[in-house]
Every structure is written in C-alpha cells, then in structure tokens.
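Shown next, in structure tokens, is the structure this report addresses.
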Amino acid sequence: MPSPESFTDLLASAPATAPAQAPGQAPGTTAGQSALQSEFGFEVTTRLNETCSPSADAIEQNGGAFQGRTGVITTPHGTIKTPAFIAVGTKATVKSVLPESMSELGAQALLANAYHLYLQPGADILDAAGGLGKFMNWQGPTFTDSGGFQVMSLGSGFKKVINMDAVAASPHAGADDSVAVGKERLAHIDDDGVWFKSHLNGDMHRFSPEVSMQVQHQIGADIMFAFDELTTLLNSRGYQEMSLERTRLWALRCIEEHFRLTEERVGKPYQALFGVIQGAQYEDLRRKASHDLGGMNFDGFGIGGALEKENLGTIVRWCSEELPEDKPRHLLGISEPDDIFTAIENGADTFDCVSPTRVARTSAFYTPDGRFNLSGAKYKRDFTPLSEECDCYTCQNYTRAYIHHLFKAKEMVSSTLVSIHNERFVVKMVDDARLAIEDGTFFEFKAETLRRYYPKR
C-alpha cells in the first residue's frame with residue numbers, strides 16, 4: 001500500500017473523469033433514466049402555512065415564510081410519514097439496540113454509513129446478503145450516506161464530527177487545509193475524487209463519485225446520497241465557491257453512474273438518489289446549489305455541510321425555497337429538540353443523528369423536562385421510570401435506580417435500555433410534531449415542548 005507521503009504521486013496518476021452527456025442534453029436530467037424510478041415517490045399531504053396560519057410577526061421573526069409540511073415517502077421497502085426522525089445504524093446496527101426493538105419503538109427507517117460498511121465488512125458482503133435490510137434483519141426503508149462526511153472529517157483528524165472549536169484551535173485556523181491539532185491528514189481531495197487512509201488499518205483507498213455509487217448500490221439501501229465535498233465554516237469564501245462547483249460536477253457524475261448501475265443490476269429494487277446541498281453559511285451559494293441540483297434528476301435532496309446552530313433554520317429555509325416542492329429534503333445530522341422544530345418548520349422532511357445512542361452510552365437520558373445523567377448519586381434509590389410520560393419498553397419495565405446500578409456495574413445492557421428510551425423520545429416528539437402540523441397546533445406544541453425542555457431559557 002502507498003505511504004501517506006505519496007499523496008502527490010497518487011494525485012498525479014488519478015484519472016480526470018468527466019460526466020458523459022449527449023449533445024443538447026440538460027445536465028443530469030435524462031441520461032440513463034430508468035422505469036424503476038417510479039418505485040420511489042413523495043407526496044406532500046399538508047402544509048404548515050395552511051393548517052396553522054402563522055402570524056405576520058412570526059413569519060417576520062422567522063426571516064421568511066414557513067416551508068414546513070407533512071408528506072409520505074414511498075420506497076420499495078415501505079413508506080415513511082414525514083416529518084420523520086431517521087435513527088442512525090452506522091455499521092448496519094443501531095448501537096446496542098436490536099432492529100426488532102427499533103421497530104417496536106416506532107422508527108420508520110434506519111440510516112447506515114457507506115464509509116464504514118465499505119471498510120468493514122465490505123459492500124460486496126452486503127450485496128451477497130441481499131442488501132442492507134436483509135443483512136441486518138430490518139424490514140423497513142433504509143438510507144446510506146455517501147461516505148463523504150467521514151472521508152473528509154476523519155481524514156482531517158476531526159474524528160466523528162468537525163468541531164468548530166477544534167478547527168479554531170489549529171495552528172492554521174481558517175486555512176483551507178486545516179487539520180485537527182496533533183493529527184495527520186489522512187485524506188487528500190482533487191477534482192476527480194479523494195484519496196484517504198483507512199482509520200482501521202492504514203490502507204489507502206480511493207473514493208470518487210463513481211466509486212461511491214458502486215459502493216452504495218452494493219449496500220442496497222432504499223435512499224442514498226450523492227458524493228459531495230464537506231467544507232467547514234472556516235474555509236475561505238474562494239474555497240467554498242470552488243468546492244461547490246466540484247460538488248456540482250460530482251453530482252452529474254453520480255447521476256450518470258447511478259442510472260448505469262440501476263439498468264445493469266437487473267432484478268434489484270430501485271434505490272433513490274439524493275443530491276447534497278452545500279454552500280456553508282452563504283445565502284447565494286446555498287441558493288445556487290439548490291437551484292443547480294434541483295434541476296437535476298435526483299429523487300430528493302440532502303441539506304449538508306457544517307451549520308451554525310443560530311443559522312440552521314435560515315439555511316434550511318433558503319434551500320427549501322429553491323428546491324422542487326415535490327421532492328423530499330433530508331437534513332443531515334441533528335437531534336436536539338430546538339433544532340428539530342426549527343428544521344421542521346423551515347422545510348426538512350427527514351433528518352438523522354447519532355446523538356440518542358451516543359449520549360445514552362454516557363448514561364444521559366431525555367425527558368420532557370430536559371436531559372439528565374444517571375450517573376448522579378441521587379438516582380441510587382429512585383424507583384421511578386426514566387420518564388413517567390414515556391411508553392417505551394424501558395420505561396414500562398425498569399427504574400432509574402436499576403439502570404443507575406447497571407452503569408455503575410459497567411453492565412452493557414445499561415446502554416441498551418437508555419438507547420431504547422432516547423430513540424423513542426426523539427421519534428415520538430417528531431411524530432407528535434407531524435400530527436400537530438396536521439391538526440393546526442404546531443406552534444403551540446413547539447412552544448410548550450421547548451418551554452419544558454429548556455426551563456432556564
């Protein structure tokens with residue numbers, strides 16, 4: 001395998017791939033389209049502006065008209081009522097929770113990670129097993145991301161997330177090649193794709209739009225994402241513009257390869273392809289990306305990139321205003337209650353995050369009155385459920401005292417019980433928000449939910 005120092009040599013030998021396109025053909029619109037594409041669909045059922053009639057002051061405070069709606073996504077493995085929280089099963093498993101338990105707690109779909117599954121066990125293994133759902137014994141719809149986030153973030157030494165504080169602490173803060181302090185760069189990008197070093201064993205690998213599509217087709221999820229470049233909020237404006245154009249060209253290549261594979265893999269269910277909207281914090285870039293990719297033959301769209309919390313709703317709204325209304329929008333990586341409501345009211349149909357299970361492994365649990373941590377001594381004799389208002393398996397059968405004991409004893413089932421509860425909490429909150437849009441009480445439901453969850457605000 002090549003050494004990390006040979007990135008320059010590898011780049012010099014990389015092919016410069018351009019998307020094939022017939023003369024006069026609109027970019028990404030007709031090449032290789034398949035009749036199987038009709039197996040995927042999305043229908044808007046209600047609109048927030050119509051059922052809840054927000055005041056002029058509320059619209060002004062939001063910065064523009066609310067784009068929220070309810071709908072139904074149709075896939076070969078079932079439907080998803082939106083808005084919906086998509087639980088994350090990174091390596092074809094929601095950490096510490098059985099697929100059957102995820103179904104019982106109301107999860108409609110699961111999202112796995114193409115980067116991790118490509119490295120282990122290998123996309124070919126999932127293909128031979130009959131696809132992601134069969135491999136993990138999950139009967140419902142599945143998502144995979146493109147692997148781009150992990151290639152870029154792990155490649156820059158930022159581990160599971162690109163933390164803005166970590167970037168700012170870099171000696172080259174703000175530089176377009178920032179690397180986490182004390183880390184080496186494990187990925188290098190060029191216009192054709194990315195060379196990256198496996199975080200598992202140091203092997204070198206190459207991801208391009210075509211490779212990402214090949215990997216995701218083998219994994220076999222119902223919904224997958226085009227390969228894109230992830231930037232941080234600290235990249236220069238010039239680099240953001242260059243990256244956006246690179247992502248646009250990669251999107252065309254993803255579409256071309258996606259439909260080629262769809263026709264080649266006869267007998268496989270149709271896999272929907274979502275384009276990913278980048279552009280960081282810049283309105284013109286977000287709108288441009290939404291307009292450019294919105295005109296391509298994608299089945300839906302992901303809103304990606306590093307987002308400042310205070311601008312999340314605004315950025316989602318910019319994208320929603322430009323994207324086709326008849327296609328679903330997925331916001332990548334949120335789960336805090338305030339962020340969820342902000343995303344829903346501005347047009348996100350689905351979203352995912354690892355947070356419910358990640359914090360569960362540290363003994364943190366959600367309640368309507370905030371997030372708490374079972375490690376505290378006060379729970380030693382607390383024989384109440386995690387939440388009196390929760391209908392999950394954990395709350396119906398176990399007490400805080402028992403789960404506190406499990407964490408102290410370092411018993412693995414402790415993470416399982418809290419993960420079940422946390423996933424149910426977020427799934428139900430989003431389900432209730434969907435019902436509130438339909439019955440015209442969304443803003444009242446949002447206000448009461450956030451008042452209780454954040455009592456000190």
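Just remember, in the structure tokens the first chain shown is A, the second B, etc., residues are 1-based per chain, and ligands are 1-based in the order shown.
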- Would you list the contacts of stretch 113-120 of chain A as a list in words, taking every protein, DNA or RNA residue within 9 Å and counting only C-alpha atoms, but skipping same-chain residues closer than 2 positions in sequence?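 Listed by chain and then number, they are Val88, Gly89, Thr90, Lys91, Ala92, Leu111, Gly122, Ala123, Asp124, Leu126, Phe143, Thr144, Asp145, Ser146, Gly147, Gly148, Phe149, Gln150, Val151, Ser198, Leu200, Ser212, Val215, Gln216 and Ile219 of chain A.
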- Which residues in stretch 250-404 of chain A does DSSP call alpha helix (DSSP H)? List them as number ranges by chain. A: 250-264, 283-294, 312-322, 337-345, 355-360, 393-397, 400-404
- For stretch 360-362 of chain A, list every protein, DNA or RNA residue within 8 Å, evaluated using only C-alpha atoms, and leave out those in the same chain fewer than 4 positions away; present the list as an NGL selection string. :A and (356 or 373 or 414-415 or 418-419 or 422)
Written selection (N, CA and C atoms) as a PDB file, in the first residue's frame:
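Final output, out-v9.pdb:
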```
ATOM      1  N   PRO A 356     -28.948  10.260  20.120  1.00  0.00           N
ATOM      2  CA  PRO A 356     -29.714   9.500  21.117  1.00  0.00           C
ATOM      3  C   PRO A 356     -28.965   8.310  21.691  1.00  0.00           C
ATOM      4  N   ASN A 373     -28.491  12.937  33.694  1.00  0.00           N
ATOM      5  CA  ASN A 373     -27.459  11.913  33.654  1.00  0.00           C
ATOM      6  C   ASN A 373     -27.593  10.965  34.831  1.00  0.00           C
ATOM      7  N   SER A 414     -27.067  -1.595  30.205  1.00  0.00           N
ATOM      8  CA  SER A 414     -27.399  -0.224  30.602  1.00  0.00           C
ATOM      9  C   SER A 414     -27.542   0.674  29.379  1.00  0.00           C
ATOM     10  N   SER A 415     -26.594   0.582  28.447  1.00  0.00           N
ATOM     11  CA  SER A 415     -26.656   1.396  27.223  1.00  0.00           C
ATOM     12  C   SER A 415     -27.857   1.013  26.371  1.00  0.00           C
ATOM     13  N   VAL A 418     -31.159   2.619  27.947  1.00  0.00           N
ATOM     14  CA  VAL A 418     -31.262   4.072  27.775  1.00  0.00           C
ATOM     15  C   VAL A 418     -31.357   4.435  26.297  1.00  0.00           C
ATOM     16  N   SER A 419     -30.680   3.685  25.442  1.00  0.00           N
ATOM     17  CA  SER A 419     -30.767   3.951  23.997  1.00  0.00           C
ATOM     18  C   SER A 419     -32.190   3.750  23.489  1.00  0.00           C
ATOM     19  N   ASN A 422     -34.136   6.826  24.627  1.00  0.00           N
ATOM     20  CA  ASN A 422     -33.783   8.058  23.927  1.00  0.00           C
ATOM     21  C   ASN A 422     -34.271   8.053  22.484  1.00  0.00           C
TER      22      ASN A 422
END
```
Where does stretch 270-300 of chain A meet stretch 328-350 of chain A within 9 Å, residue by residue, with the nearest atom pair and distance in Å to one decimal for each, counting only C-alpha atoms, listed by chain and rising number, as a Markdown table?
```
| residue | atom | partner | partner_atom | distance |
| --- | --- | --- | --- | --- |
| A:Phe274 | CA | A:Arg329 | CA | 8.5 |
| A:Asp299 | CA | A:Pro328 | CA | 7.7 |
| A:Gly300 | CA | A:Pro328 | CA | 4.9 |
```
Taking N, CA, C and O atoms for each residue, export the selection above as a short mmCIF file (atom, residue, chain, number, x, y, z; two decimals), in the first residue's frame.
```cif
data_model
loop_
_atom_site.label_atom_id
_atom_site.label_comp_id
_atom_site.auth_asym_id
_atom_site.auth_seq_id
_atom_site.Cartn_x
_atom_site.Cartn_y
_atom_site.Cartn_z
N PHE A 274 -30.32 10.97 -3.69
CA PHE A 274 -30.50 12.35 -3.23
C PHE A 274 -29.22 13.15 -3.51
O PHE A 274 -28.12 12.69 -3.22
N ASP A 299 -33.89 12.18 -6.88
CA ASP A 299 -35.17 11.79 -6.29
C ASP A 299 -35.50 12.60 -5.05
O ASP A 299 -36.64 12.62 -4.59
N GLY A 300 -34.51 13.25 -4.48
CA GLY A 300 -34.68 14.07 -3.29
C GLY A 300 -33.36 14.76 -3.01
O GLY A 300 -32.41 14.67 -3.81
#
```
If you run DSSP on this backbone, which residues of stretch 73-141 of chain A come out as strand (DSSP E or B), and could you give them as a PDB file with N, CA, C and O atoms, in the first residue's frame?
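The file below, states_24.pdb, is the result:
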```pdb
ATOM      1  N   ILE A  73     -43.167   9.462   1.980  1.00  0.00           N
ATOM      2  CA  ILE A  73     -42.143   8.953   1.079  1.00  0.00           C
ATOM      3  C   ILE A  73     -42.446   7.474   0.823  1.00  0.00           C
ATOM      4  O   ILE A  73     -42.662   6.705   1.769  1.00  0.00           O
ATOM      5  N   THR A  74     -42.475   7.078  -0.435  1.00  0.00           N
ATOM      6  CA  THR A  74     -42.721   5.683  -0.801  1.00  0.00           C
ATOM      7  C   THR A  74     -41.443   5.050  -1.317  1.00  0.00           C
ATOM      8  O   THR A  74     -40.800   5.588  -2.222  1.00  0.00           O
ATOM      9  N   THR A  75     -41.053   3.921  -0.721  1.00  0.00           N
ATOM     10  CA  THR A  75     -39.858   3.198  -1.137  1.00  0.00           C
ATOM     11  C   THR A  75     -40.234   1.735  -1.390  1.00  0.00           C
ATOM     12  O   THR A  75     -41.314   1.286  -0.985  1.00  0.00           O
ATOM     13  N   GLY A  78     -41.326   0.035   1.927  1.00  0.00           N
ATOM     14  CA  GLY A  78     -42.313   0.640   2.811  1.00  0.00           C
ATOM     15  C   GLY A  78     -42.347   2.150   2.696  1.00  0.00           C
ATOM     16  O   GLY A  78     -41.570   2.767   1.960  1.00  0.00           O
ATOM     17  N   THR A  79     -43.272   2.737   3.430  1.00  0.00           N
ATOM     18  CA  THR A  79     -43.468   4.184   3.394  1.00  0.00           C
ATOM     19  C   THR A  79     -42.910   4.841   4.659  1.00  0.00           C
ATOM     20  O   THR A  79     -42.743   4.198   5.699  1.00  0.00           O
ATOM     21  N   ILE A  80     -42.641   6.140   4.539  1.00  0.00           N
ATOM     22  CA  ILE A  80     -42.179   6.954   5.663  1.00  0.00           C
ATOM     23  C   ILE A  80     -43.079   8.176   5.744  1.00  0.00           C
ATOM     24  O   ILE A  80     -43.140   8.966   4.796  1.00  0.00           O
ATOM     25  N   LYS A  81     -43.801   8.313   6.859  1.00  0.00           N
ATOM     26  CA  LYS A  81     -44.602   9.517   7.067  1.00  0.00           C
ATOM     27  C   LYS A  81     -43.687  10.620   7.568  1.00  0.00           C
ATOM     28  O   LYS A  81     -42.932  10.435   8.519  1.00  0.00           O
ATOM     29  N   THR A  82     -43.745  11.773   6.919  1.00  0.00           N
ATOM     30  CA  THR A  82     -42.843  12.866   7.269  1.00  0.00           C
ATOM     31  C   THR A  82     -43.614  14.048   7.876  1.00  0.00           C
ATOM     32  O   THR A  82     -44.793  14.223   7.575  1.00  0.00           O
ATOM     33  N   ALA A  84     -40.025  12.975   9.797  1.00  0.00           N
ATOM     34  CA  ALA A  84     -39.638  11.737  10.479  1.00  0.00           C
ATOM     35  C   ALA A  84     -38.184  11.800  10.896  1.00  0.00           C
ATOM     36  O   ALA A  84     -37.333  12.322  10.159  1.00  0.00           O
ATOM     37  N   PHE A  85     -37.913  11.269  12.085  1.00  0.00           N
ATOM     38  CA  PHE A  85     -36.530  11.116  12.544  1.00  0.00           C
ATOM     39  C   PHE A  85     -36.021   9.763  12.075  1.00  0.00           C
ATOM     40  O   PHE A  85     -36.655   8.730  12.328  1.00  0.00           O
ATOM     41  N   ILE A  86     -34.883   9.769  11.403  1.00  0.00           N
ATOM     42  CA  ILE A  86     -34.286   8.549  10.883  1.00  0.00           C
ATOM     43  C   ILE A  86     -33.147   8.143  11.819  1.00  0.00           C
ATOM     44  O   ILE A  86     -32.120   8.833  11.895  1.00  0.00           O
ATOM     45  N   ALA A  87     -33.335   7.064  12.547  1.00  0.00           N
ATOM     46  CA  ALA A  87     -32.323   6.620  13.504  1.00  0.00           C
ATOM     47  C   ALA A  87     -31.076   6.137  12.768  1.00  0.00           C
ATOM     48  O   ALA A  87     -31.158   5.561  11.681  1.00  0.00           O
ATOM     49  N   VAL A  88     -29.917   6.363  13.384  1.00  0.00           N
ATOM     50  CA  VAL A  88     -28.646   6.022  12.744  1.00  0.00           C
ATOM     51  C   VAL A  88     -28.163   4.650  13.190  1.00  0.00           C
ATOM     52  O   VAL A  88     -28.011   4.393  14.385  1.00  0.00           O
ATOM     53  N   LEU A 110     -33.971   3.401   8.964  1.00  0.00           N
ATOM     54  CA  LEU A 110     -32.652   3.479   9.581  1.00  0.00           C
ATOM     55  C   LEU A 110     -31.632   3.941   8.543  1.00  0.00           C
ATOM     56  O   LEU A 110     -31.772   3.660   7.350  1.00  0.00           O
ATOM     57  N   LEU A 111     -30.606   4.634   9.013  1.00  0.00           N
ATOM     58  CA  LEU A 111     -29.544   5.136   8.133  1.00  0.00           C
ATOM     59  C   LEU A 111     -28.217   4.498   8.515  1.00  0.00           C
ATOM     60  O   LEU A 111     -27.823   4.509   9.689  1.00  0.00           O
ATOM     61  N   ALA A 112     -27.521   3.923   7.536  1.00  0.00           N
ATOM     62  CA  ALA A 112     -26.204   3.330   7.750  1.00  0.00           C
ATOM     63  C   ALA A 112     -25.154   4.146   7.001  1.00  0.00           C
ATOM     64  O   ALA A 112     -25.472   4.999   6.170  1.00  0.00           O
ATOM     65  N   ASN A 113     -23.897   3.854   7.301  1.00  0.00           N
ATOM     66  CA  ASN A 113     -22.808   4.673   6.795  1.00  0.00           C
ATOM     67  C   ASN A 113     -21.999   3.928   5.733  1.00  0.00           C
ATOM     68  O   ASN A 113     -21.414   2.868   6.022  1.00  0.00           O
TER      69      ASN A 113
END
```
- Task: Between A:Gly370, A:Thr93, A:Ser53, A:Leu36, single out the one closest to A:Glu438, counting only C-alpha atoms.
- Result: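 Using only C-alpha atoms, A:Glu438 sits closest to A:Ser53.
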- Please identify all polymer residues within 10 Å of stretch 393-398 of chain A, counting only C-alpha atoms, omitting same-chain residues fewer than 6 positions from it, and present them as a PyMOL selection string. chain A and resi 101+104-105+383-387+416-422+424
Since we have the selection now, will you write its residues out, keeping N, CA and C atoms, as a PDB file, in the first residue's frame?
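Output contents, as saved in part_18.pdb:
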```pdb
ATOM      1  N   SER A 101     -36.317  -4.068  18.230  1.00  0.00           N
ATOM      2  CA  SER A 101     -36.624  -3.036  19.225  1.00  0.00           C
ATOM      3  C   SER A 101     -36.842  -1.685  18.561  1.00  0.00           C
ATOM      4  N   GLU A 104     -40.298  -1.672  17.205  1.00  0.00           N
ATOM      5  CA  GLU A 104     -41.304  -1.553  18.268  1.00  0.00           C
ATOM      6  C   GLU A 104     -41.402  -0.140  18.829  1.00  0.00           C
ATOM      7  N   LEU A 105     -40.288   0.588  18.842  1.00  0.00           N
ATOM      8  CA  LEU A 105     -40.340   1.949  19.385  1.00  0.00           C
ATOM      9  C   LEU A 105     -40.795   2.989  18.361  1.00  0.00           C
ATOM     10  N   PHE A 383     -36.853   4.900  42.274  1.00  0.00           N
ATOM     11  CA  PHE A 383     -37.532   3.733  41.702  1.00  0.00           C
ATOM     12  C   PHE A 383     -38.634   4.130  40.708  1.00  0.00           C
ATOM     13  N   THR A 384     -38.468   5.284  40.082  1.00  0.00           N
ATOM     14  CA  THR A 384     -39.392   5.724  39.028  1.00  0.00           C
ATOM     15  C   THR A 384     -38.765   5.429  37.662  1.00  0.00           C
ATOM     16  N   PRO A 385     -39.570   5.405  36.611  1.00  0.00           N
ATOM     17  CA  PRO A 385     -39.008   5.192  35.265  1.00  0.00           C
ATOM     18  C   PRO A 385     -38.208   6.408  34.815  1.00  0.00           C
ATOM     19  N   LEU A 386     -37.493   6.256  33.716  1.00  0.00           N
ATOM     20  CA  LEU A 386     -36.748   7.397  33.171  1.00  0.00           C
ATOM     21  C   LEU A 386     -37.670   8.566  32.921  1.00  0.00           C
ATOM     22  N   SER A 387     -38.881   8.292  32.451  1.00  0.00           N
ATOM     23  CA  SER A 387     -39.903   9.326  32.269  1.00  0.00           C
ATOM     24  C   SER A 387     -41.277   8.721  32.503  1.00  0.00           C
ATOM     25  N   THR A 416     -28.188  -0.271  26.335  1.00  0.00           N
ATOM     26  CA  THR A 416     -29.341  -0.725  25.564  1.00  0.00           C
ATOM     27  C   THR A 416     -30.627  -0.091  26.081  1.00  0.00           C
ATOM     28  N   LEU A 417     -30.836  -0.144  27.386  1.00  0.00           N
ATOM     29  CA  LEU A 417     -32.084   0.364  27.966  1.00  0.00           C
ATOM     30  C   LEU A 417     -32.235   1.863  27.766  1.00  0.00           C
ATOM     31  N   VAL A 418     -31.159   2.619  27.947  1.00  0.00           N
ATOM     32  CA  VAL A 418     -31.262   4.072  27.775  1.00  0.00           C
ATOM     33  C   VAL A 418     -31.357   4.435  26.297  1.00  0.00           C
ATOM     34  N   SER A 419     -30.680   3.685  25.442  1.00  0.00           N
ATOM     35  CA  SER A 419     -30.767   3.951  23.997  1.00  0.00           C
ATOM     36  C   SER A 419     -32.190   3.750  23.489  1.00  0.00           C
ATOM     37  N   ILE A 420     -32.844   2.680  23.930  1.00  0.00           N
ATOM     38  CA  ILE A 420     -34.236   2.448  23.543  1.00  0.00           C
ATOM     39  C   ILE A 420     -35.098   3.642  23.945  1.00  0.00           C
ATOM     40  N   HIS A 421     -34.920   4.109  25.157  1.00  0.00           N
ATOM     41  CA  HIS A 421     -35.711   5.247  25.630  1.00  0.00           C
ATOM     42  C   HIS A 421     -35.415   6.511  24.825  1.00  0.00           C
ATOM     43  N   ASN A 422     -34.136   6.826  24.627  1.00  0.00           N
ATOM     44  CA  ASN A 422     -33.783   8.058  23.927  1.00  0.00           C
ATOM     45  C   ASN A 422     -34.271   8.053  22.484  1.00  0.00           C
ATOM     46  N   ARG A 424     -36.852   6.407  21.323  1.00  0.00           N
ATOM     47  CA  ARG A 424     -38.305   6.562  21.381  1.00  0.00           C
ATOM     48  C   ARG A 424     -38.690   8.009  21.651  1.00  0.00           C
TER      49      ARG A 424
END
```
